[in-house]
>>> print(open('entry.txt').read())   # compact mmCIF, C-alpha atoms
# COMPACT_ATOMS: atom_id res chain seq x y z
CA MET H 281 -62.29 -11.42 -13.54
CA THR H 282 -59.94 -10.96 -10.60
CA ASN H 283 -59.95 -13.29 -7.62
CA LYS H 284 -57.77 -13.92 -4.60
CA ASN H 285 -55.46 -16.14 -6.64
CA GLU H 286 -54.68 -13.22 -8.94
CA ILE H 287 -53.38 -10.83 -6.28
CA PHE H 288 -49.65 -10.93 -6.87
CA GLU H 289 -46.68 -9.54 -4.95
CA TRP H 290 -43.43 -7.86 -5.91
CA GLY H 291 -40.32 -10.01 -5.52
CA LYS H 292 -42.09 -13.38 -5.61
CA ARG H 293 -41.40 -16.10 -8.20
CA TYR H 294 -44.31 -16.91 -10.52
CA PRO H 295 -44.64 -19.88 -12.87
CA ALA H 296 -44.98 -19.82 -16.62
CA PRO H 297 -46.05 -23.40 -17.36
CA ALA H 298 -45.55 -25.47 -20.48
CA LYS H 299 -48.50 -26.63 -22.55
CA LEU H 300 -49.15 -29.72 -24.61
CA ASN H 301 -51.22 -29.95 -27.77
CA LEU H 302 -53.14 -33.19 -27.31
CA MET H 303 -54.47 -32.92 -30.87
CA LEU H 304 -53.81 -30.56 -33.78
CA ARG H 305 -55.91 -30.45 -36.95
CA ILE H 306 -55.46 -27.92 -39.74
CA VAL H 307 -58.91 -27.32 -41.19
CA GLY H 308 -58.25 -24.38 -43.50
CA GLN H 309 -56.22 -21.26 -44.20
CA ARG H 310 -57.18 -17.60 -44.14
CA GLU H 311 -56.38 -15.14 -46.93
CA ASP H 312 -53.73 -13.55 -44.70
CA GLY H 313 -51.90 -16.88 -44.51
CA TYR H 314 -52.87 -17.83 -40.96
CA HIS H 315 -53.93 -21.45 -40.62
CA LEU H 316 -57.30 -22.38 -39.13
CA LEU H 317 -56.89 -25.02 -36.46
CA GLN H 318 -58.61 -27.30 -34.04
CA THR H 319 -56.47 -28.17 -31.07
CA VAL H 320 -56.66 -29.18 -27.42
CA PHE H 321 -54.41 -27.53 -24.85
CA GLN H 322 -53.46 -28.93 -21.48
CA PHE H 323 -50.85 -27.57 -19.08
CA VAL H 324 -48.07 -29.43 -17.30
CA GLU H 325 -46.31 -28.63 -14.04
CA LEU H 326 -42.99 -28.01 -15.82
CA CYS H 327 -42.44 -24.23 -15.71
CA ASP H 328 -40.24 -21.26 -16.37
CA TRP H 329 -40.18 -18.88 -13.38
CA LEU H 330 -40.44 -15.10 -13.41
CA THR H 331 -39.72 -12.60 -10.64
CA PHE H 332 -40.92 -9.00 -10.90
CA LEU H 333 -39.19 -6.14 -9.08
CA PRO H 334 -40.24 -2.47 -9.10
CA ASN H 335 -38.30 -0.07 -11.31
CA ASP H 336 -38.94 3.62 -10.71
CA LEU H 337 -37.14 4.68 -13.90
CA GLY H 338 -40.07 3.66 -16.08
CA ASP H 339 -38.11 1.08 -18.09
CA VAL H 340 -38.78 -2.61 -18.73
CA VAL H 341 -35.55 -4.43 -17.89
CA LEU H 342 -35.00 -8.17 -18.37
CA GLU H 343 -32.01 -9.02 -16.17
CA ASN H 344 -30.84 -12.29 -17.66
CA ALA H 345 -31.20 -12.26 -21.43
CA ILE H 346 -31.71 -15.50 -23.34
CA SER H 347 -28.71 -16.36 -25.49
CA GLY H 348 -29.39 -15.51 -29.11
CA VAL H 349 -32.49 -13.44 -28.37
CA GLU H 350 -32.28 -9.65 -28.22
CA ASN H 351 -34.10 -8.29 -25.18
CA ASN H 352 -36.39 -6.14 -27.31
CA ASP H 353 -37.39 -9.25 -29.26
CA ASN H 354 -38.13 -11.23 -26.10
CA LEU H 355 -41.85 -11.81 -25.60
CA ILE H 356 -41.52 -10.93 -21.91
CA VAL H 357 -40.29 -7.43 -22.73
CA LYS H 358 -42.80 -7.09 -25.56
CA ALA H 359 -45.65 -8.09 -23.24
CA ALA H 360 -44.65 -5.60 -20.53
CA ASN H 361 -44.26 -2.76 -23.01
CA LEU H 362 -47.55 -3.61 -24.71
CA LEU H 363 -49.31 -3.50 -21.34
CA LYS H 364 -47.69 -0.15 -20.53
CA ARG H 365 -48.85 1.36 -23.82
CA GLU H 366 -52.36 -0.04 -23.57
CA ALA H 367 -52.89 1.27 -20.06
CA GLY H 368 -50.91 4.48 -20.47
CA PHE H 369 -48.75 3.38 -17.54
CA LEU H 370 -45.50 5.26 -16.94
CA GLY H 371 -43.87 2.97 -14.37
CA GLY H 372 -41.28 0.30 -14.99
CA VAL H 373 -40.31 -3.18 -13.94
CA GLN H 374 -37.22 -5.35 -13.57
CA ILE H 375 -37.79 -8.99 -14.49
CA ARG H 376 -35.73 -12.07 -13.66
CA LEU H 377 -36.24 -15.18 -15.74
CA GLU H 378 -35.39 -18.74 -14.72
CA LYS H 379 -35.57 -20.60 -18.03
CA ASN H 380 -36.40 -24.29 -17.74
CA LEU H 381 -38.53 -24.93 -20.83
CA PRO H 382 -36.58 -25.82 -23.97
CA MET H 383 -36.78 -23.35 -26.82
CA GLY H 384 -38.16 -24.55 -30.13
CA GLY H 385 -39.85 -27.46 -28.41
CA GLY H 386 -43.53 -26.77 -29.02
CA LEU H 387 -44.17 -26.33 -25.30
CA GLY H 388 -45.08 -22.66 -25.60
CA GLY H 389 -42.36 -21.33 -23.32
CA GLY H 390 -42.09 -17.84 -24.80
CA SER H 391 -45.86 -17.47 -25.03
CA SER H 392 -46.28 -18.64 -21.46
CA ASP H 393 -43.63 -16.19 -20.24
CA ALA H 394 -45.53 -13.40 -22.01
CA ALA H 395 -48.85 -14.46 -20.48
CA THR H 396 -47.44 -14.60 -16.95
CA THR H 397 -45.98 -11.13 -17.53
CA LEU H 398 -49.37 -9.75 -18.62
CA ILE H 399 -51.27 -11.36 -15.74
CA VAL H 400 -48.83 -10.48 -12.95
CA LEU H 401 -48.07 -6.93 -14.06
CA ASN H 402 -51.77 -6.21 -14.54
CA SER H 403 -52.07 -6.89 -10.81
CA LEU H 404 -48.81 -5.29 -9.63
CA TRP H 405 -49.45 -2.12 -11.61
CA HIS H 406 -53.12 -2.03 -10.49
CA LEU H 407 -54.32 -1.73 -14.09
CA GLN H 408 -57.51 -3.81 -13.56
CA LEU H 409 -57.74 -4.97 -17.18
CA SER H 410 -60.14 -7.90 -17.59
CA ARG H 411 -58.95 -11.40 -18.46
CA GLU H 412 -60.68 -11.02 -21.84
CA LYS H 413 -58.75 -7.83 -22.55
CA LEU H 414 -55.47 -9.48 -21.59
CA MET H 415 -56.25 -12.38 -23.93
CA LYS H 416 -56.80 -9.94 -26.80
CA LEU H 417 -53.50 -8.23 -26.02
CA GLY H 418 -51.83 -11.62 -25.86
CA LEU H 419 -53.03 -12.48 -29.35
CA LEU H 420 -51.04 -9.50 -30.64
CA LEU H 421 -47.92 -11.19 -29.28
CA GLY H 422 -48.60 -14.71 -30.56
CA ALA H 423 -51.35 -17.23 -31.25
CA ASP H 424 -50.54 -19.33 -28.15
CA VAL H 425 -50.46 -16.48 -25.63
CA PRO H 426 -54.27 -16.33 -25.04
CA ILE H 427 -54.47 -19.92 -23.79
CA PHE H 428 -51.92 -19.19 -21.08
CA VAL H 429 -53.85 -16.07 -20.06
CA PHE H 430 -57.07 -18.12 -20.06
CA GLY H 431 -55.37 -20.53 -17.69
CA ARG H 432 -57.55 -23.60 -18.19
CA ALA H 433 -57.27 -26.69 -20.35
CA ALA H 434 -59.20 -25.88 -23.46
CA TRP H 435 -60.55 -26.81 -26.85
CA ALA H 436 -59.36 -24.11 -29.28
CA GLU H 437 -60.33 -23.18 -32.82
CA GLY H 438 -59.70 -20.38 -35.32
CA ILE H 439 -56.02 -19.48 -35.11
CA GLY H 440 -56.14 -20.60 -31.49
CA GLU H 441 -58.09 -17.67 -30.09
CA LYS H 442 -61.57 -19.28 -29.89
CA ILE H 443 -61.24 -21.06 -26.58
CA THR H 444 -63.65 -23.32 -24.70
CA GLN H 445 -62.79 -24.84 -21.33
CA ILE H 446 -62.53 -28.61 -21.32
CA ASP H 447 -61.94 -31.10 -18.50
CA LEU H 448 -59.30 -33.69 -19.23
CA LYS H 449 -57.73 -36.58 -17.38
CA GLU H 450 -54.66 -35.43 -15.42
CA GLN H 451 -51.80 -37.91 -15.74
CA TRP H 452 -48.08 -38.34 -15.41
CA VAL H 453 -46.32 -37.19 -18.56
CA LEU H 454 -42.88 -37.92 -19.98
CA ILE H 455 -41.60 -35.36 -22.48
CA LEU H 456 -38.63 -36.00 -24.77
CA LYS H 457 -36.72 -33.16 -26.43
CA PRO H 458 -34.71 -34.28 -29.46
CA ASP H 459 -31.57 -32.26 -30.17
CA CYS H 460 -33.16 -30.09 -32.84
CA HIS H 461 -35.21 -26.92 -33.11
CA VAL H 462 -38.33 -26.93 -35.28
CA ASN H 463 -39.12 -23.72 -37.15
CA THR H 464 -42.91 -23.47 -36.93
CA LYS H 465 -43.16 -21.00 -39.81
CA GLU H 466 -41.21 -23.34 -42.07
CA ILE H 467 -43.42 -26.31 -41.21
CA PHE H 468 -46.60 -24.34 -41.90
CA SER H 469 -45.17 -23.19 -45.25
CA VAL H 470 -44.44 -26.70 -46.55
CA LYS H 471 -46.54 -27.26 -49.68
CA ASP H 472 -47.69 -30.79 -48.89
CA LEU H 473 -48.78 -30.01 -45.32
CA THR H 474 -52.38 -31.13 -44.76
CA ARG H 475 -54.57 -28.03 -44.69
CA ASN H 476 -58.03 -29.46 -45.29
CA SER H 477 -58.70 -31.87 -42.44
CA LYS H 478 -62.34 -32.37 -41.56
CA SER H 479 -63.42 -30.56 -38.42
CA ILE H 480 -64.30 -32.85 -35.52
CA THR H 481 -66.28 -32.48 -32.32
CA MET H 482 -65.09 -32.69 -28.73
CA ASP H 483 -66.83 -36.04 -28.45
CA GLU H 484 -64.83 -37.35 -31.41
CA PHE H 485 -61.62 -36.13 -29.77
CA ASN H 486 -62.60 -37.82 -26.51
CA ALA H 487 -63.27 -41.00 -28.48
CA GLY H 488 -59.66 -41.09 -29.62
CA GLN H 489 -59.23 -38.80 -32.64
CA VAL H 490 -55.94 -37.22 -31.57
CA GLN H 491 -54.07 -36.80 -34.84
CA ASN H 492 -51.52 -34.02 -35.34
CA ASP H 493 -51.54 -32.86 -38.95
CA CYS H 494 -47.97 -31.58 -38.63
CA LEU H 495 -46.55 -34.95 -37.62
CA ARG H 496 -45.84 -36.38 -41.08
CA VAL H 497 -44.09 -33.24 -42.33
CA VAL H 498 -42.10 -32.78 -39.11
CA CYS H 499 -40.87 -36.39 -39.13
CA LYS H 500 -39.91 -36.04 -42.79
CA HIS H 501 -37.74 -33.00 -42.05
CA TYR H 502 -36.43 -34.00 -38.60
CA GLU H 503 -35.17 -37.59 -38.36
CA ALA H 504 -34.41 -37.24 -34.63
CA ILE H 505 -38.07 -36.57 -33.86
CA GLU H 506 -39.15 -39.69 -35.71
CA LYS H 507 -36.59 -41.73 -33.75
CA ALA H 508 -37.75 -40.27 -30.44
CA LEU H 509 -41.35 -41.09 -31.29
CA CYS H 510 -40.40 -44.70 -31.96
CA ASP H 511 -38.47 -44.98 -28.69
CA LEU H 512 -41.22 -43.45 -26.54
CA SER H 513 -43.95 -45.45 -28.29
CA VAL H 514 -42.54 -48.61 -26.72
CA PHE H 515 -43.91 -47.42 -23.37
CA SER H 516 -47.08 -45.50 -24.27
CA GLU H 517 -48.76 -43.70 -27.15
CA ALA H 518 -46.25 -41.02 -28.19
CA ARG H 519 -47.46 -37.75 -29.70
CA LEU H 520 -46.00 -34.55 -31.06
CA THR H 521 -46.93 -31.32 -29.29
CA GLY H 522 -47.61 -28.47 -31.71
CA THR H 523 -44.97 -28.64 -34.42
CA GLY H 524 -42.46 -30.09 -31.95
CA ALA H 525 -39.62 -30.71 -31.44
CA CYS H 526 -40.90 -32.16 -28.16
CA ILE H 527 -42.88 -35.37 -28.03
CA PHE H 528 -44.76 -36.72 -25.06
CA ALA H 529 -46.62 -39.71 -23.68
CA SER H 530 -49.08 -39.97 -20.80
CA PHE H 531 -49.01 -42.63 -18.08
CA ASP H 532 -51.56 -43.80 -15.54
CA SER H 533 -48.98 -44.08 -12.77
CA GLU H 534 -45.78 -42.39 -11.67
CA GLU H 535 -44.05 -45.77 -11.60
CA LEU H 536 -44.69 -46.43 -15.29
CA ALA H 537 -43.53 -42.93 -16.22
CA ILE H 538 -40.34 -43.31 -14.16
CA GLU H 539 -39.62 -46.69 -15.76
CA ALA H 540 -39.83 -45.09 -19.21
CA GLU H 541 -37.64 -42.16 -18.19
CA LEU H 542 -34.96 -44.40 -16.67
CA THR H 543 -34.75 -46.28 -19.95
CA LEU H 544 -34.68 -43.21 -22.20
CA LYS H 545 -32.82 -40.53 -20.22
CA ASP H 546 -29.37 -41.54 -21.44
CA LYS H 547 -30.47 -41.16 -25.07
CA TRP H 548 -32.82 -38.18 -24.93
CA GLN H 549 -33.33 -35.01 -22.91
CA THR H 550 -36.26 -35.96 -20.66
CA TYR H 551 -38.77 -34.09 -18.52
CA LEU H 552 -40.96 -36.03 -16.09
CA THR H 553 -43.98 -34.02 -15.02
CA LYS H 554 -47.75 -34.09 -14.54
CA SER H 555 -50.50 -32.65 -16.68
CA CYS H 556 -52.96 -30.23 -15.10
CA ASN H 557 -56.20 -28.60 -16.20
CA LYS H 558 -55.54 -25.37 -14.32
CA SER H 559 -52.43 -23.31 -14.97
CA PRO H 560 -50.01 -23.42 -12.01
CA LEU H 561 -49.98 -19.60 -12.19
CA PHE H 562 -53.53 -19.60 -10.82
CA VAL H 563 -52.85 -22.15 -8.08
CA GLN H 564 -50.70 -19.88 -5.96
CA PRO H 565 -50.70 -20.53 -2.17
>>> encode(input="entry.txt", output="structure tokens")
Amino acid sequence: MTNKNEIFEWGKRYPAPAKLNLMLRIVGQREDGYHLLQTVFQFVELCDWLTFLPNDLGDVVLENAISGVENNDNLIVKAANLLKREAGFLGGVQIRLEKNLPMGGGLGGGSSDAATTLIVLNSLWHLQLSREKLMKLGLLLGADVPIFVFGRAAWAEGIGEKITQIDLKEQWVLILKPDCHVNTKEIFSVKDLTRNSKSITMDEFNAGQVQNDCLRVVCKHYEAIEKALCDLSVFSEARLTGTGACIFASFDSEELAIEAELTLKDKWQTYLTKSCNKSPLFVQP
């Protein structure tokens, strides 16, 4: 599954886009504790950026570490080392990260960084692993990594690994990031979290069933998120992405989105962007 848009070059910057969960239903729980979900993923043009440089020493080196995250715990480094082990590759790489996506925001920044690492290094190292194989490797790193490797807006089920492409309306999006970090594991461990929602169909989602089963619990534990939802709801339907902390609203025009941002930017950290059905990583010039 390689095409001309997946031929990458050393020394060039590559995007790792954010994602939004347009809906999130928890429909069950496996014996191993993983929750069974239904969700809809769509990308936005807001991105981290990664640059890959050759390293003849055989090491994976992340130049600019993220504060508070050990390099060996960073999903970028984990992804590169996983790819090396899987392919039996002995070479190395030096990676530069330009971090734009907020951490703990539910935008999938770490997972997206990992996916971009898998995709680009698979090309640069001439490993020729299929997209399906890279998605399976990504799942070992985190439940959200496969969607970024897949690279298309999608309907997802299971723990997020059963992915079906879906075409969605592309709109202007305003994202607010309250000054808090949501611990996803803690939210999914809360006793009164809904875990038995009825499964729905794509048609029911398209008809407006866009609930997020984490919303009630998140708002209960994070007052700032509830306040941000109220503020953004004045301008458009505001929703939580994943377990948050980010919330977002879609707009039919750039003017309406800008109007909302101008009103809210002094109170909240804002990101004005556009949603897209194809990952920016696969829309390289």
>>> closest_residue(input="entry.txt", among="H:Phe332, H:Phe485, H:Phe369, H:Trp435", to="Leu407 of chain H", atoms="only C-alpha atoms")
H:Phe369
>>> residues_around(input="entry.txt", residues="Asn361 of chain H", least_positions_apart="4", cutoff="10 Å", atoms="all atoms listed in the file", output="list of chain:residue names")
H:Asp339, H:Val340, H:Asn352, H:Leu355, H:Ile356, H:Val357, H:Arg365, H:Glu366, H:Ala367, H:Phe369, H:Gly372, H:Val373, H:Leu398
>>> closest_residue(input="entry.txt", among="H:Val470, H:Leu362, H:Ile346, H:Leu536", to="Trp452 of chain H", atoms="all atoms listed in the file")
H:Leu536
>>> residues_near_point(input="entry.txt", point="(-43.0, -29.0, -28.5)", cutoff="6 Å", atoms="all atoms listed in the file", output="list of chain:residue names")
H:Gly385, H:Gly386, H:Leu387, H:Thr521, H:Gly522, H:Gly524, H:Ala525, H:Cys526
>>> residues_around(input="entry.txt", residues="Leu342 of chain H", least_positions_apart="4", cutoff="8 Å", atoms="only C-alpha atoms", output="PyMOL selection string")
chain H and resi 351+356-357+374-377
>>> closest_atom_pairs(input="entry.txt", of="segment 434-530 of chain H", to="segment 296-308 of chain H", cutoff="12 Å", atoms="only C-alpha atoms", output="JSON lines")
{"residue": "H:Ala434", "atom": "CA", "partner": "H:Asn301", "partner_atom": "CA", "distance": 9.9}
{"residue": "H:Trp435", "atom": "CA", "partner": "H:Met303", "partner_atom": "CA", "distance": 9.5}
{"residue": "H:Ala436", "atom": "CA", "partner": "H:Leu304", "partner_atom": "CA", "distance": 9.6}
{"residue": "H:Glu437", "atom": "CA", "partner": "H:Val307", "partner_atom": "CA", "distance": 9.4}
{"residue": "H:Gly438", "atom": "CA", "partner": "H:Val307", "partner_atom": "CA", "distance": 9.1}
{"residue": "H:Ile439", "atom": "CA", "partner": "H:Ile306", "partner_atom": "CA", "distance": 9.6}
{"residue": "H:Gly440", "atom": "CA", "partner": "H:Leu304", "partner_atom": "CA", "distance": 10.5}
{"residue": "H:Leu448", "atom": "CA", "partner": "H:Leu302", "partner_atom": "CA", "distance": 10.2}
{"residue": "H:Lys449", "atom": "CA", "partner": "H:Leu302", "partner_atom": "CA", "distance": 11.5}
{"residue": "H:Val453", "atom": "CA", "partner": "H:Leu300", "partner_atom": "CA", "distance": 10.0}
{"residue": "H:Leu454", "atom": "CA", "partner": "H:Leu300", "partner_atom": "CA", "distance": 11.3}
{"residue": "H:Ile455", "atom": "CA", "partner": "H:Leu300", "partner_atom": "CA", "distance": 9.7}
{"residue": "H:Phe468", "atom": "CA", "partner": "H:Ile306", "partner_atom": "CA", "distance": 9.8}
{"residue": "H:Leu473", "atom": "CA", "partner": "H:Ile306", "partner_atom": "CA", "distance": 9.0}
{"residue": "H:Thr474", "atom": "CA", "partner": "H:Ile306", "partner_atom": "CA", "distance": 6.7}
{"residue": "H:Arg475", "atom": "CA", "partner": "H:Ile306", "partner_atom": "CA", "distance": 5.0}
{"residue": "H:Asn476", "atom": "CA", "partner": "H:Val307", "partner_atom": "CA", "distance": 4.7}
{"residue": "H:Ser477", "atom": "CA", "partner": "H:Val307", "partner_atom": "CA", "distance": 4.7}
{"residue": "H:Lys478", "atom": "CA", "partner": "H:Val307", "partner_atom": "CA", "distance": 6.1}
{"residue": "H:Ser479", "atom": "CA", "partner": "H:Val307", "partner_atom": "CA", "distance": 6.2}
{"residue": "H:Ile480", "atom": "CA", "partner": "H:Arg305", "partner_atom": "CA", "distance": 8.8}
{"residue": "H:Thr481", "atom": "CA", "partner": "H:Arg305", "partner_atom": "CA", "distance": 11.5}
{"residue": "H:Met482", "atom": "CA", "partner": "H:Met303", "partner_atom": "CA", "distance": 10.8}
{"residue": "H:Glu484", "atom": "CA", "partner": "H:Met303", "partner_atom": "CA", "distance": 11.3}
{"residue": "H:Phe485", "atom": "CA", "partner": "H:Met303", "partner_atom": "CA", "distance": 7.9}
{"residue": "H:Asn486", "atom": "CA", "partner": "H:Met303", "partner_atom": "CA", "distance": 10.4}
{"residue": "H:Gly488", "atom": "CA", "partner": "H:Met303", "partner_atom": "CA", "distance": 9.8}
{"residue": "H:Gln489", "atom": "CA", "partner": "H:Met303", "partner_atom": "CA", "distance": 7.8}
{"residue": "H:Val490", "atom": "CA", "partner": "H:Met303", "partner_atom": "CA", "distance": 4.6}
{"residue": "H:Gln491", "atom": "CA", "partner": "H:Met303", "partner_atom": "CA", "distance": 5.6}
{"residue": "H:Asn492", "atom": "CA", "partner": "H:Leu304", "partner_atom": "CA", "distance": 4.4}
{"residue": "H:Asp493", "atom": "CA", "partner": "H:Arg305", "partner_atom": "CA", "distance": 5.4}
{"residue": "H:Cys494", "atom": "CA", "partner": "H:Leu304", "partner_atom": "CA", "distance": 7.7}
{"residue": "H:Leu495", "atom": "CA", "partner": "H:Leu304", "partner_atom": "CA", "distance": 9.3}
{"residue": "H:Glu517", "atom": "CA", "partner": "H:Leu302", "partner_atom": "CA", "distance": 11.4}
{"residue": "H:Ala518", "atom": "CA", "partner": "H:Leu302", "partner_atom": "CA", "distance": 10.5}
{"residue": "H:Arg519", "atom": "CA", "partner": "H:Leu302", "partner_atom": "CA", "distance": 7.7}
{"residue": "H:Leu520", "atom": "CA", "partner": "H:Asn301", "partner_atom": "CA", "distance": 7.7}
{"residue": "H:Thr521", "atom": "CA", "partner": "H:Asn301", "partner_atom": "CA", "distance": 4.8}
{"residue": "H:Gly522", "atom": "CA", "partner": "H:Asn301", "partner_atom": "CA", "distance": 5.5}
{"residue": "H:Thr523", "atom": "CA", "partner": "H:Leu304", "partner_atom": "CA", "distance": 9.1}
{"residue": "H:Gly524", "atom": "CA", "partner": "H:Asn301", "partner_atom": "CA", "distance": 9.7}
{"residue": "H:Ala525", "atom": "CA", "partner": "H:Leu300", "partner_atom": "CA", "distance": 11.8}
{"residue": "H:Cys526", "atom": "CA", "partner": "H:Leu300", "partner_atom": "CA", "distance": 9.3}
{"residue": "H:Ile527", "atom": "CA", "partner": "H:Leu300", "partner_atom": "CA", "distance": 9.1}
{"residue": "H:Phe528", "atom": "CA", "partner": "H:Leu300", "partner_atom": "CA", "distance": 8.3}
{"residue": "H:Ala529", "atom": "CA", "partner": "H:Leu302", "partner_atom": "CA", "distance": 9.9}
{"residue": "H:Ser530", "atom": "CA", "partner": "H:Leu302", "partner_atom": "CA", "distance": 10.2}
>>> write_last_selection(input="entry.txt", atoms="C-alpha atoms", output="CSV table (one decimal), in the frame of the given file")
chain,number,residue,atom,x,y,z
H,434,ALA,CA,-59.2,-25.9,-23.5
H,435,TRP,CA,-60.6,-26.8,-26.8
H,436,ALA,CA,-59.4,-24.1,-29.3
H,437,GLU,CA,-60.3,-23.2,-32.8
H,438,GLY,CA,-59.7,-20.4,-35.3
H,439,ILE,CA,-56.0,-19.5,-35.1
H,440,GLY,CA,-56.1,-20.6,-31.5
H,448,LEU,CA,-59.3,-33.7,-19.2
H,449,LYS,CA,-57.7,-36.6,-17.4
H,453,VAL,CA,-46.3,-37.2,-18.6
H,454,LEU,CA,-42.9,-37.9,-20.0
H,455,ILE,CA,-41.6,-35.4,-22.5
H,468,PHE,CA,-46.6,-24.3,-41.9
H,473,LEU,CA,-48.8,-30.0,-45.3
H,474,THR,CA,-52.4,-31.1,-44.8
H,475,ARG,CA,-54.6,-28.0,-44.7
H,476,ASN,CA,-58.0,-29.5,-45.3
H,477,SER,CA,-58.7,-31.9,-42.4
H,478,LYS,CA,-62.3,-32.4,-41.6
H,479,SER,CA,-63.4,-30.6,-38.4
H,480,ILE,CA,-64.3,-32.8,-35.5
H,481,THR,CA,-66.3,-32.5,-32.3
H,482,MET,CA,-65.1,-32.7,-28.7
H,484,GLU,CA,-64.8,-37.4,-31.4
H,485,PHE,CA,-61.6,-36.1,-29.8
H,486,ASN,CA,-62.6,-37.8,-26.5
H,488,GLY,CA,-59.7,-41.1,-29.6
H,489,GLN,CA,-59.2,-38.8,-32.6
H,490,VAL,CA,-55.9,-37.2,-31.6
H,491,GLN,CA,-54.1,-36.8,-34.8
H,492,ASN,CA,-51.5,-34.0,-35.3
H,493,ASP,CA,-51.5,-32.9,-39.0
H,494,CYS,CA,-48.0,-31.6,-38.6
H,495,LEU,CA,-46.6,-35.0,-37.6
H,517,GLU,CA,-48.8,-43.7,-27.2
H,518,ALA,CA,-46.2,-41.0,-28.2
H,519,ARG,CA,-47.5,-37.8,-29.7
H,520,LEU,CA,-46.0,-34.6,-31.1
H,521,THR,CA,-46.9,-31.3,-29.3
H,522,GLY,CA,-47.6,-28.5,-31.7
H,523,THR,CA,-45.0,-28.6,-34.4
H,524,GLY,CA,-42.5,-30.1,-32.0
H,525,ALA,CA,-39.6,-30.7,-31.4
H,526,CYS,CA,-40.9,-32.2,-28.2
H,527,ILE,CA,-42.9,-35.4,-28.0
H,528,PHE,CA,-44.8,-36.7,-25.1
H,529,ALA,CA,-46.6,-39.7,-23.7
H,530,SER,CA,-49.1,-40.0,-20.8
>>> closest_residue(input="entry.txt", among="H:Leu456, H:Leu404, H:Leu316, H:Ala359", to="Ala508 of chain H", atoms="all atoms listed in the file")
H:Leu456
>>> atom_distance(input="entry.txt", atom1="atom CA of Ile399 of chain H", atom2="atom CA of Leu330 of chain H")
11.7 Å
>>> atom_distance(input="entry.txt", atom1="atom CA of Phe562 of chain H", atom2="atom CA of Pro295 of chain H")
9.1 Å
>>> atom_distance(input="entry.txt", atom1="atom CA of Ile467 of chain H", atom2="atom CA of His501 of chain H")
8.8 Å
>>> closest_residue(input="entry.txt", among="H:Met383, H:Phe515, H:Lys554, H:Asp546", to="Gly348 of chain H", atoms="only C-alpha atoms")
H:Met383
>>> closest_residue(input="entry.txt", among="H:Gln451, H:Lys364, H:Ile538, H:Ser513", to="His406 of chain H", atoms="all atoms listed in the file")
H:Lys364
>>> closest_residue(input="entry.txt", among="H:Leu337, H:Leu419, H:Ile427, H:Cys556", to="Phe323 of chain H", atoms="all atoms listed in the file")
H:Cys556
>>> residues_around(input="entry.txt", residues="Val425 of chain H", least_positions_apart="2", cutoff="8 Å", atoms="only C-alpha atoms", output="NGL selection string")
:H and (391-392 or 394-395 or 415 or 418-419 or 421-423 or 427-429)
>>> write_last_selection(input="entry.txt", atoms="C-alpha atoms", output="compact mmCIF listing (two decimals), keeping the file's coordinate frame")
# COMPACT_ATOMS: atom_id res chain seq x y z
CA SER H 391 -45.86 -17.47 -25.03
CA SER H 392 -46.28 -18.64 -21.46
CA ALA H 394 -45.53 -13.40 -22.01
CA ALA H 395 -48.85 -14.46 -20.48
CA MET H 415 -56.25 -12.38 -23.93
CA GLY H 418 -51.83 -11.62 -25.86
CA LEU H 419 -53.03 -12.48 -29.35
CA LEU H 421 -47.92 -11.19 -29.28
CA GLY H 422 -48.60 -14.71 -30.56
CA ALA H 423 -51.35 -17.23 -31.25
CA ILE H 427 -54.47 -19.92 -23.79
CA PHE H 428 -51.92 -19.19 -21.08
CA VAL H 429 -53.85 -16.07 -20.06
>>> build_atoms(input="entry.txt", residues="segment 394-403 of chain H", atoms="N, CA and C atoms", output="JSON list (two decimals), keeping the file's coordinate frame")
[["chain", "number", "residue", "atom", "x", "y", "z"],
["H", 394, "ALA", "N", -44.81, -14.64, -21.69],
["H", 394, "ALA", "CA", -45.53, -13.40, -22.01],
["H", 394, "ALA", "C", -46.84, -13.32, -21.24],
["H", 395, "ALA", "N", -47.56, -14.44, -21.17],
["H", 395, "ALA", "CA", -48.85, -14.46, -20.48],
["H", 395, "ALA", "C", -48.68, -14.20, -18.99],
["H", 396, "THR", "N", -47.70, -14.84, -18.37],
["H", 396, "THR", "CA", -47.44, -14.60, -16.95],
["H", 396, "THR", "C", -47.09, -13.13, -16.72],
["H", 397, "THR", "N", -46.32, -12.55, -17.63],
["H", 397, "THR", "CA", -45.98, -11.13, -17.53],
["H", 397, "THR", "C", -47.24, -10.26, -17.57],
["H", 398, "LEU", "N", -48.14, -10.53, -18.51],
["H", 398, "LEU", "CA", -49.37, -9.75, -18.62],
["H", 398, "LEU", "C", -50.22, -9.88, -17.36],
["H", 399, "ILE", "N", -50.40, -11.11, -16.89],
["H", 399, "ILE", "CA", -51.27, -11.36, -15.74],
["H", 399, "ILE", "C", -50.71, -10.72, -14.47],
["H", 400, "VAL", "N", -49.42, -10.96, -14.21],
["H", 400, "VAL", "CA", -48.83, -10.48, -12.95],
["H", 400, "VAL", "C", -48.70, -8.96, -12.95],
["H", 401, "LEU", "N", -48.23, -8.38, -14.04],
["H", 401, "LEU", "CA", -48.07, -6.93, -14.06],
["H", 401, "LEU", "C", -49.41, -6.20, -14.06],
["H", 402, "ASN", "N", -50.43, -6.81, -14.62],
["H", 402, "ASN", "CA", -51.77, -6.21, -14.54],
["H", 402, "ASN", "C", -52.18, -6.03, -13.08],
["H", 403, "SER", "N", -51.78, -6.98, -12.24],
["H", 403, "SER", "CA", -52.07, -6.89, -10.81],
["H", 403, "SER", "C", -51.10, -5.93, -10.09]]
